Every structure is written in structure tokens, then in C-alpha cells.
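Q: Take a look at this one; I'll ask things after.
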Amino acid sequence: MTEQRYHVIGMTCGRCADALESKVCGVLGVDQVGIDLDTGSVTVTGEALDGSKVCAAITEAGFEVAAVL
């Protein structure tokens, strides 16, 4: 199991987090998504994660990836 963390800009509420989680969960290989609104961090776990696809899903959901942690 691999874990990747991202600092995401633009998440301000639970609805934002739900939309982002839904989009990222649709990426092949993603098993779980954890979101911390207070810090703006998104933790993604799964097998054979493709970071570029996760970043693309975050962007498609309307948010900005500020950093890969």
C-alpha cells in the first residue's frame, strides 16, 4: 500500500471536501482518501498510485495542488 500527501488550495468547507474526495476516489488505484480542511492536506492511499492522475483529478475538481508532501 502506498500513501501520498498533497497540499491543496481552495478547500474551504465540507462540501468542497466531499467533491474532492469523490473525484479522487475515481482514480484507478486509489483505495482511500483522507482530507484535513484545517491544514489543506489530502492523503491518498492505494496500490500503484499515479501521482499525476491524482493531481489531475484534484485540478478537475476545481482545486489547486500547491505541493506534494
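Note on naming: chains are A, B, ... as they come in the C-alpha cells, residues start from 1 per chain, ligands start from 1 in the order shown.
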Could you name the residues that touch Glu21 of chain A at 12 Å or less, counting only C-alpha atoms, but leaving out those on the same chain fewer than 2 positions away, as a PyMOL selection string?
A: chain A and resi 11+14-19+23-27+30-37+41-44+54+57-58+60-63
Q: For the residues in that selection, give me C-alpha atoms as an mmCIF file, in the first residue's frame.
A:
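Output file result30.cif follows:
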data_model
loop_
_atom_site.group_PDB
_atom_site.id
_atom_site.type_symbol
_atom_site.label_atom_id
_atom_site.label_comp_id
_atom_site.auth_asym_id
_atom_site.auth_seq_id
_atom_site.Cartn_x
_atom_site.Cartn_y
_atom_site.Cartn_z
ATOM 1 C CA MET A 11 -10.936 23.645 0.072
ATOM 2 C CA GLY A 14 -17.285 20.019 3.895
ATOM 3 C CA ARG A 15 -18.937 20.262 0.502
ATOM 4 C CA CYS A 16 -15.558 21.043 -1.080
ATOM 5 C CA ALA A 17 -14.030 18.060 0.695
ATOM 6 C CA ASP A 18 -16.846 15.760 -0.467
ATOM 7 C CA ALA A 19 -16.468 16.874 -4.091
ATOM 8 C CA LYS A 23 -13.241 12.894 -7.780
ATOM 9 C CA VAL A 24 -10.002 11.449 -6.351
ATOM 10 C CA CYS A 25 -11.673 8.154 -5.383
ATOM 11 C CA GLY A 26 -12.424 7.689 -9.087
ATOM 12 C CA VAL A 27 -8.723 7.478 -9.943
ATOM 13 C CA VAL A 30 -6.979 4.814 -5.124
ATOM 14 C CA ASP A 31 -8.399 2.902 -2.167
ATOM 15 C CA GLN A 32 -8.870 5.673 0.391
ATOM 16 C CA VAL A 33 -8.818 9.478 0.575
ATOM 17 C CA GLY A 34 -8.373 11.437 3.792
ATOM 18 C CA ILE A 35 -8.961 15.186 3.861
ATOM 19 C CA ASP A 36 -7.976 17.677 6.568
ATOM 20 C CA LEU A 37 -9.689 21.003 5.878
ATOM 21 C CA SER A 41 -3.910 18.327 3.184
ATOM 22 C CA VAL A 42 -5.195 15.368 1.225
ATOM 23 C CA THR A 43 -3.812 11.910 1.949
ATOM 24 C CA VAL A 44 -4.345 9.260 -0.707
ATOM 25 C CA VAL A 54 -4.299 12.186 -8.635
ATOM 26 C CA ALA A 57 -8.303 14.741 -10.509
ATOM 27 C CA ILE A 58 -7.725 17.411 -7.853
ATOM 28 C CA GLU A 60 -10.549 18.740 -12.368
ATOM 29 C CA ALA A 61 -12.468 19.034 -9.079
ATOM 30 C CA GLY A 62 -11.657 22.770 -9.110
ATOM 31 C CA PHE A 63 -8.765 22.930 -6.657
#
Q: Considering only helix (DSSP H, G or I) as DSSP defines it on the backbone, what residues of chain A qualify? List them as a PyMOL selection string.
A: chain A and resi 14-25+51-60
Q: Using the selection just defined, write its residues with N, CA, C and O atoms as a PDB file, in the first residue's frame.
A:
ATOM      1  N   GLY A  14     -17.014  21.439   4.043  1.00  0.00           N
ATOM      2  CA  GLY A  14     -17.285  20.019   3.895  1.00  0.00           C
ATOM      3  C   GLY A  14     -17.738  19.639   2.499  1.00  0.00           C
ATOM      4  O   GLY A  14     -17.416  18.569   1.989  1.00  0.00           O
ATOM      5  N   ARG A  15     -18.476  20.530   1.871  1.00  0.00           N
ATOM      6  CA  ARG A  15     -18.937  20.262   0.502  1.00  0.00           C
ATOM      7  C   ARG A  15     -17.752  20.192  -0.465  1.00  0.00           C
ATOM      8  O   ARG A  15     -17.725  19.351  -1.363  1.00  0.00           O
ATOM      9  N   CYS A  16     -16.787  21.081  -0.267  1.00  0.00           N
ATOM     10  CA  CYS A  16     -15.558  21.043  -1.080  1.00  0.00           C
ATOM     11  C   CYS A  16     -14.846  19.712  -0.883  1.00  0.00           C
ATOM     12  O   CYS A  16     -14.409  19.080  -1.846  1.00  0.00           O
ATOM     13  N   ALA A  17     -14.719  19.308   0.371  1.00  0.00           N
ATOM     14  CA  ALA A  17     -14.030  18.060   0.695  1.00  0.00           C
ATOM     15  C   ALA A  17     -14.751  16.866   0.068  1.00  0.00           C
ATOM     16  O   ALA A  17     -14.107  15.967  -0.480  1.00  0.00           O
ATOM     17  N   ASP A  18     -16.077  16.856   0.126  1.00  0.00           N
ATOM     18  CA  ASP A  18     -16.846  15.760  -0.467  1.00  0.00           C
ATOM     19  C   ASP A  18     -16.637  15.683  -1.975  1.00  0.00           C
ATOM     20  O   ASP A  18     -16.475  14.598  -2.537  1.00  0.00           O
ATOM     21  N   ALA A  19     -16.663  16.836  -2.641  1.00  0.00           N
ATOM     22  CA  ALA A  19     -16.468  16.874  -4.091  1.00  0.00           C
ATOM     23  C   ALA A  19     -15.072  16.382  -4.469  1.00  0.00           C
ATOM     24  O   ALA A  19     -14.911  15.604  -5.421  1.00  0.00           O
ATOM     25  N   LEU A  20     -14.088  16.819  -3.708  1.00  0.00           N
ATOM     26  CA  LEU A  20     -12.713  16.413  -3.979  1.00  0.00           C
ATOM     27  C   LEU A  20     -12.535  14.918  -3.734  1.00  0.00           C
ATOM     28  O   LEU A  20     -11.946  14.205  -4.553  1.00  0.00           O
ATOM     29  N   GLU A  21     -13.069  14.438  -2.624  1.00  0.00           N
ATOM     30  CA  GLU A  21     -12.952  13.020  -2.300  1.00  0.00           C
ATOM     31  C   GLU A  21     -13.599  12.158  -3.387  1.00  0.00           C
ATOM     32  O   GLU A  21     -13.026  11.162  -3.820  1.00  0.00           O
ATOM     33  N   SER A  22     -14.758  12.554  -3.838  1.00  0.00           N
ATOM     34  CA  SER A  22     -15.459  11.813  -4.878  1.00  0.00           C
ATOM     35  C   SER A  22     -14.631  11.734  -6.160  1.00  0.00           C
ATOM     36  O   SER A  22     -14.521  10.673  -6.780  1.00  0.00           O
ATOM     37  N   LYS A  23     -14.040  12.844  -6.548  1.00  0.00           N
ATOM     38  CA  LYS A  23     -13.241  12.894  -7.780  1.00  0.00           C
ATOM     39  C   LYS A  23     -11.976  12.041  -7.659  1.00  0.00           C
ATOM     40  O   LYS A  23     -11.642  11.267  -8.549  1.00  0.00           O
ATOM     41  N   VAL A  24     -11.265  12.177  -6.530  1.00  0.00           N
ATOM     42  CA  VAL A  24     -10.002  11.449  -6.351  1.00  0.00           C
ATOM     43  C   VAL A  24     -10.252   9.953  -6.183  1.00  0.00           C
ATOM     44  O   VAL A  24      -9.472   9.130  -6.658  1.00  0.00           O
ATOM     45  N   CYS A  25     -11.350   9.580  -5.545  1.00  0.00           N
ATOM     46  CA  CYS A  25     -11.673   8.154  -5.383  1.00  0.00           C
ATOM     47  C   CYS A  25     -11.898   7.469  -6.726  1.00  0.00           C
ATOM     48  O   CYS A  25     -11.769   6.252  -6.828  1.00  0.00           O
ATOM     49  N   GLY A  51       0.666   9.583  -9.237  1.00  0.00           N
ATOM     50  CA  GLY A  51       0.565  10.935  -8.698  1.00  0.00           C
ATOM     51  C   GLY A  51       0.065  11.959  -9.691  1.00  0.00           C
ATOM     52  O   GLY A  51      -0.682  12.863  -9.338  1.00  0.00           O
ATOM     53  N   SER A  52       0.431  11.802 -10.957  1.00  0.00           N
ATOM     54  CA  SER A  52      -0.021  12.769 -11.957  1.00  0.00           C
ATOM     55  C   SER A  52      -1.528  12.660 -12.184  1.00  0.00           C
ATOM     56  O   SER A  52      -2.209  13.669 -12.393  1.00  0.00           O
ATOM     57  N   LYS A  53      -2.074  11.458 -12.088  1.00  0.00           N
ATOM     58  CA  LYS A  53      -3.516  11.277 -12.246  1.00  0.00           C
ATOM     59  C   LYS A  53      -4.267  11.811 -11.031  1.00  0.00           C
ATOM     60  O   LYS A  53      -5.355  12.366 -11.169  1.00  0.00           O
ATOM     61  N   VAL A  54      -3.681  11.637  -9.846  1.00  0.00           N
ATOM     62  CA  VAL A  54      -4.299  12.186  -8.635  1.00  0.00           C
ATOM     63  C   VAL A  54      -4.309  13.712  -8.719  1.00  0.00           C
ATOM     64  O   VAL A  54      -5.331  14.351  -8.449  1.00  0.00           O
ATOM     65  N   CYS A  55      -3.194  14.308  -9.122  1.00  0.00           N
ATOM     66  CA  CYS A  55      -3.123  15.770  -9.269  1.00  0.00           C
ATOM     67  C   CYS A  55      -4.129  16.260 -10.308  1.00  0.00           C
ATOM     68  O   CYS A  55      -4.784  17.283 -10.107  1.00  0.00           O
ATOM     69  N   ALA A  56      -4.271  15.529 -11.404  1.00  0.00           N
ATOM     70  CA  ALA A  56      -5.230  15.903 -12.442  1.00  0.00           C
ATOM     71  C   ALA A  56      -6.656  15.857 -11.901  1.00  0.00           C
ATOM     72  O   ALA A  56      -7.467  16.743 -12.192  1.00  0.00           O
ATOM     73  N   ALA A  57      -6.965  14.857 -11.091  1.00  0.00           N
ATOM     74  CA  ALA A  57      -8.303  14.741 -10.509  1.00  0.00           C
ATOM     75  C   ALA A  57      -8.578  15.891  -9.545  1.00  0.00           C
ATOM     76  O   ALA A  57      -9.688  16.437  -9.518  1.00  0.00           O
ATOM     77  N   ILE A  58      -7.576  16.281  -8.777  1.00  0.00           N
ATOM     78  CA  ILE A  58      -7.725  17.411  -7.853  1.00  0.00           C
ATOM     79  C   ILE A  58      -8.009  18.686  -8.643  1.00  0.00           C
ATOM     80  O   ILE A  58      -8.904  19.461  -8.305  1.00  0.00           O
ATOM     81  N   THR A  59      -7.267  18.890  -9.721  1.00  0.00           N
ATOM     82  CA  THR A  59      -7.461  20.062 -10.573  1.00  0.00           C
ATOM     83  C   THR A  59      -8.836  20.041 -11.238  1.00  0.00           C
ATOM     84  O   THR A  59      -9.530  21.063 -11.284  1.00  0.00           O
ATOM     85  N   GLU A  60      -9.241  18.879 -11.723  1.00  0.00           N
ATOM     86  CA  GLU A  60     -10.549  18.740 -12.368  1.00  0.00           C
ATOM     87  C   GLU A  60     -11.696  19.029 -11.386  1.00  0.00           C
ATOM     88  O   GLU A  60     -12.770  19.466 -11.794  1.00  0.00           O
TER      89      GLU A  60
END
Q: Determine which residues of chain A DSSP labels as strand (DSSP E) from the backbone of this structure, then write them out as an MDAnalysis selection string.
A: chainID A and resid 2:9 30:36 41:46 64:68
Q: Keeping N, CA, C and O atoms, export the residues of the selection given above as an mmCIF file, in the first residue's frame.
A:
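Final output, saved to part_39.cif:
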data_model
loop_
_atom_site.group_PDB
_atom_site.id
_atom_site.type_symbol
_atom_site.label_atom_id
_atom_site.label_comp_id
_atom_site.auth_asym_id
_atom_site.auth_seq_id
_atom_site.Cartn_x
_atom_site.Cartn_y
_atom_site.Cartn_z
ATOM 1 N N THR A 2 0.600 2.153 -0.874
ATOM 2 C CA THR A 2 1.353 3.394 -0.993
ATOM 3 C C THR A 2 0.513 4.541 -0.457
ATOM 4 O O THR A 2 -0.705 4.536 -0.565
ATOM 5 N N GLU A 3 1.189 5.536 0.139
ATOM 6 C CA GLU A 3 0.493 6.724 0.640
ATOM 7 C C GLU A 3 1.158 7.962 0.057
ATOM 8 O O GLU A 3 2.383 8.068 0.042
ATOM 9 N N GLN A 4 0.336 8.881 -0.442
ATOM 10 C CA GLN A 4 0.831 10.157 -0.965
ATOM 11 C C GLN A 4 0.030 11.273 -0.317
ATOM 12 O O GLN A 4 -1.171 11.131 -0.103
ATOM 13 N N ARG A 5 0.702 12.378 -0.007
ATOM 14 C CA ARG A 5 0.021 13.538 0.585
ATOM 15 C C ARG A 5 0.194 14.753 -0.313
ATOM 16 O O ARG A 5 1.254 14.959 -0.902
ATOM 17 N N TYR A 6 -0.854 15.565 -0.359
ATOM 18 C CA TYR A 6 -0.880 16.761 -1.195
ATOM 19 C C TYR A 6 -1.376 17.939 -0.371
ATOM 20 O O TYR A 6 -2.267 17.775 0.467
ATOM 21 N N HIS A 7 -0.799 19.112 -0.616
ATOM 22 C CA HIS A 7 -1.332 20.345 -0.025
ATOM 23 C C HIS A 7 -2.196 20.972 -1.105
ATOM 24 O O HIS A 7 -1.726 21.275 -2.201
ATOM 25 N N VAL A 8 -3.496 21.151 -0.786
ATOM 26 C CA VAL A 8 -4.469 21.610 -1.776
ATOM 27 C C VAL A 8 -5.028 22.968 -1.363
ATOM 28 O O VAL A 8 -5.409 23.168 -0.209
ATOM 29 N N ILE A 9 -5.076 23.882 -2.317
ATOM 30 C CA ILE A 9 -5.617 25.222 -2.085
ATOM 31 C C ILE A 9 -7.046 25.284 -2.618
ATOM 32 O O ILE A 9 -7.325 24.792 -3.708
ATOM 33 N N VAL A 30 -6.706 4.129 -6.391
ATOM 34 C CA VAL A 30 -6.979 4.814 -5.124
ATOM 35 C C VAL A 30 -7.954 3.977 -4.305
ATOM 36 O O VAL A 30 -9.030 3.619 -4.766
ATOM 37 N N ASP A 31 -7.546 3.667 -3.075
ATOM 38 C CA ASP A 31 -8.399 2.902 -2.167
ATOM 39 C C ASP A 31 -9.069 3.791 -1.130
ATOM 40 O O ASP A 31 -10.182 3.529 -0.720
ATOM 41 N N GLN A 32 -8.350 4.830 -0.687
ATOM 42 C CA GLN A 32 -8.870 5.673 0.391
ATOM 43 C C GLN A 32 -8.344 7.098 0.243
ATOM 44 O O GLN A 32 -7.209 7.305 -0.168
ATOM 45 N N VAL A 33 -9.198 8.072 0.605
ATOM 46 C CA VAL A 33 -8.818 9.478 0.575
ATOM 47 C C VAL A 33 -9.154 10.082 1.928
ATOM 48 O O VAL A 33 -10.267 9.945 2.415
ATOM 49 N N GLY A 34 -8.164 10.730 2.531
ATOM 50 C CA GLY A 34 -8.373 11.437 3.792
ATOM 51 C C GLY A 34 -8.136 12.915 3.581
ATOM 52 O O GLY A 34 -7.137 13.306 2.974
ATOM 53 N N ILE A 35 -9.063 13.749 4.069
ATOM 54 C CA ILE A 35 -8.961 15.186 3.861
ATOM 55 C C ILE A 35 -8.975 15.906 5.196
ATOM 56 O O ILE A 35 -9.815 15.625 6.052
ATOM 57 N N ASP A 36 -8.035 16.826 5.368
ATOM 58 C CA ASP A 36 -7.976 17.677 6.568
ATOM 59 C C ASP A 36 -8.172 19.118 6.104
ATOM 60 O O ASP A 36 -7.259 19.725 5.550
ATOM 61 N N SER A 41 -4.632 19.499 3.671
ATOM 62 C CA SER A 41 -3.910 18.327 3.184
ATOM 63 C C SER A 41 -4.873 17.225 2.760
ATOM 64 O O SER A 41 -5.950 17.053 3.321
ATOM 65 N N VAL A 42 -4.454 16.508 1.740
ATOM 66 C CA VAL A 42 -5.195 15.368 1.225
ATOM 67 C C VAL A 42 -4.230 14.192 1.225
ATOM 68 O O VAL A 42 -3.148 14.263 0.646
ATOM 69 N N THR A 43 -4.628 13.117 1.894
ATOM 70 C CA THR A 43 -3.812 11.910 1.949
ATOM 71 C C THR A 43 -4.516 10.835 1.138
ATOM 72 O O THR A 43 -5.683 10.537 1.363
ATOM 73 N N VAL A 44 -3.786 10.266 0.193
ATOM 74 C CA VAL A 44 -4.345 9.260 -0.707
ATOM 75 C C VAL A 44 -3.562 7.968 -0.499
ATOM 76 O O VAL A 44 -2.332 7.972 -0.508
ATOM 77 N N THR A 45 -4.287 6.867 -0.320
ATOM 78 C CA THR A 45 -3.637 5.564 -0.183
ATOM 79 C C THR A 45 -4.207 4.606 -1.220
ATOM 80 O O THR A 45 -5.369 4.719 -1.613
ATOM 81 N N GLY A 46 -3.354 3.687 -1.651
ATOM 82 C CA GLY A 46 -3.781 2.690 -2.618
ATOM 83 C C GLY A 46 -2.600 1.953 -3.205
ATOM 84 O O GLY A 46 -1.451 2.208 -2.845
ATOM 85 N N GLU A 64 -6.436 23.511 -6.476
ATOM 86 C CA GLU A 64 -5.056 23.651 -6.914
ATOM 87 C C GLU A 64 -4.118 22.855 -6.010
ATOM 88 O O GLU A 64 -4.216 22.961 -4.787
ATOM 89 N N VAL A 65 -3.244 22.075 -6.609
ATOM 90 C CA VAL A 65 -2.226 21.350 -5.839
ATOM 91 C C VAL A 65 -1.067 22.305 -5.625
ATOM 92 O O VAL A 65 -0.396 22.700 -6.577
ATOM 93 N N ALA A 66 -0.842 22.698 -4.368
ATOM 94 C CA ALA A 66 0.248 23.627 -4.055
ATOM 95 C C ALA A 66 1.551 22.884 -3.855
ATOM 96 O O ALA A 66 2.612 23.422 -4.166
ATOM 97 N N ALA A 67 1.471 21.661 -3.342
ATOM 98 C CA ALA A 67 2.698 20.893 -3.089
ATOM 99 C C ALA A 67 2.358 19.414 -2.909
ATOM 100 O O ALA A 67 1.271 19.080 -2.450
ATOM 101 N N VAL A 68 3.314 18.579 -3.261
ATOM 102 C CA VAL A 68 3.237 17.156 -2.947
ATOM 103 C C VAL A 68 4.119 16.982 -1.722
ATOM 104 O O VAL A 68 5.296 17.331 -1.755
#
Q: Measuring atom to atom with only C-alpha atoms, identify which of A:Met1, A:Leu28, A:Cys13, A:Gly40 is nearest to Leu69 of chain A.
A: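 For Leu69 of chain A, the nearest of the candidates is A:Gly40.
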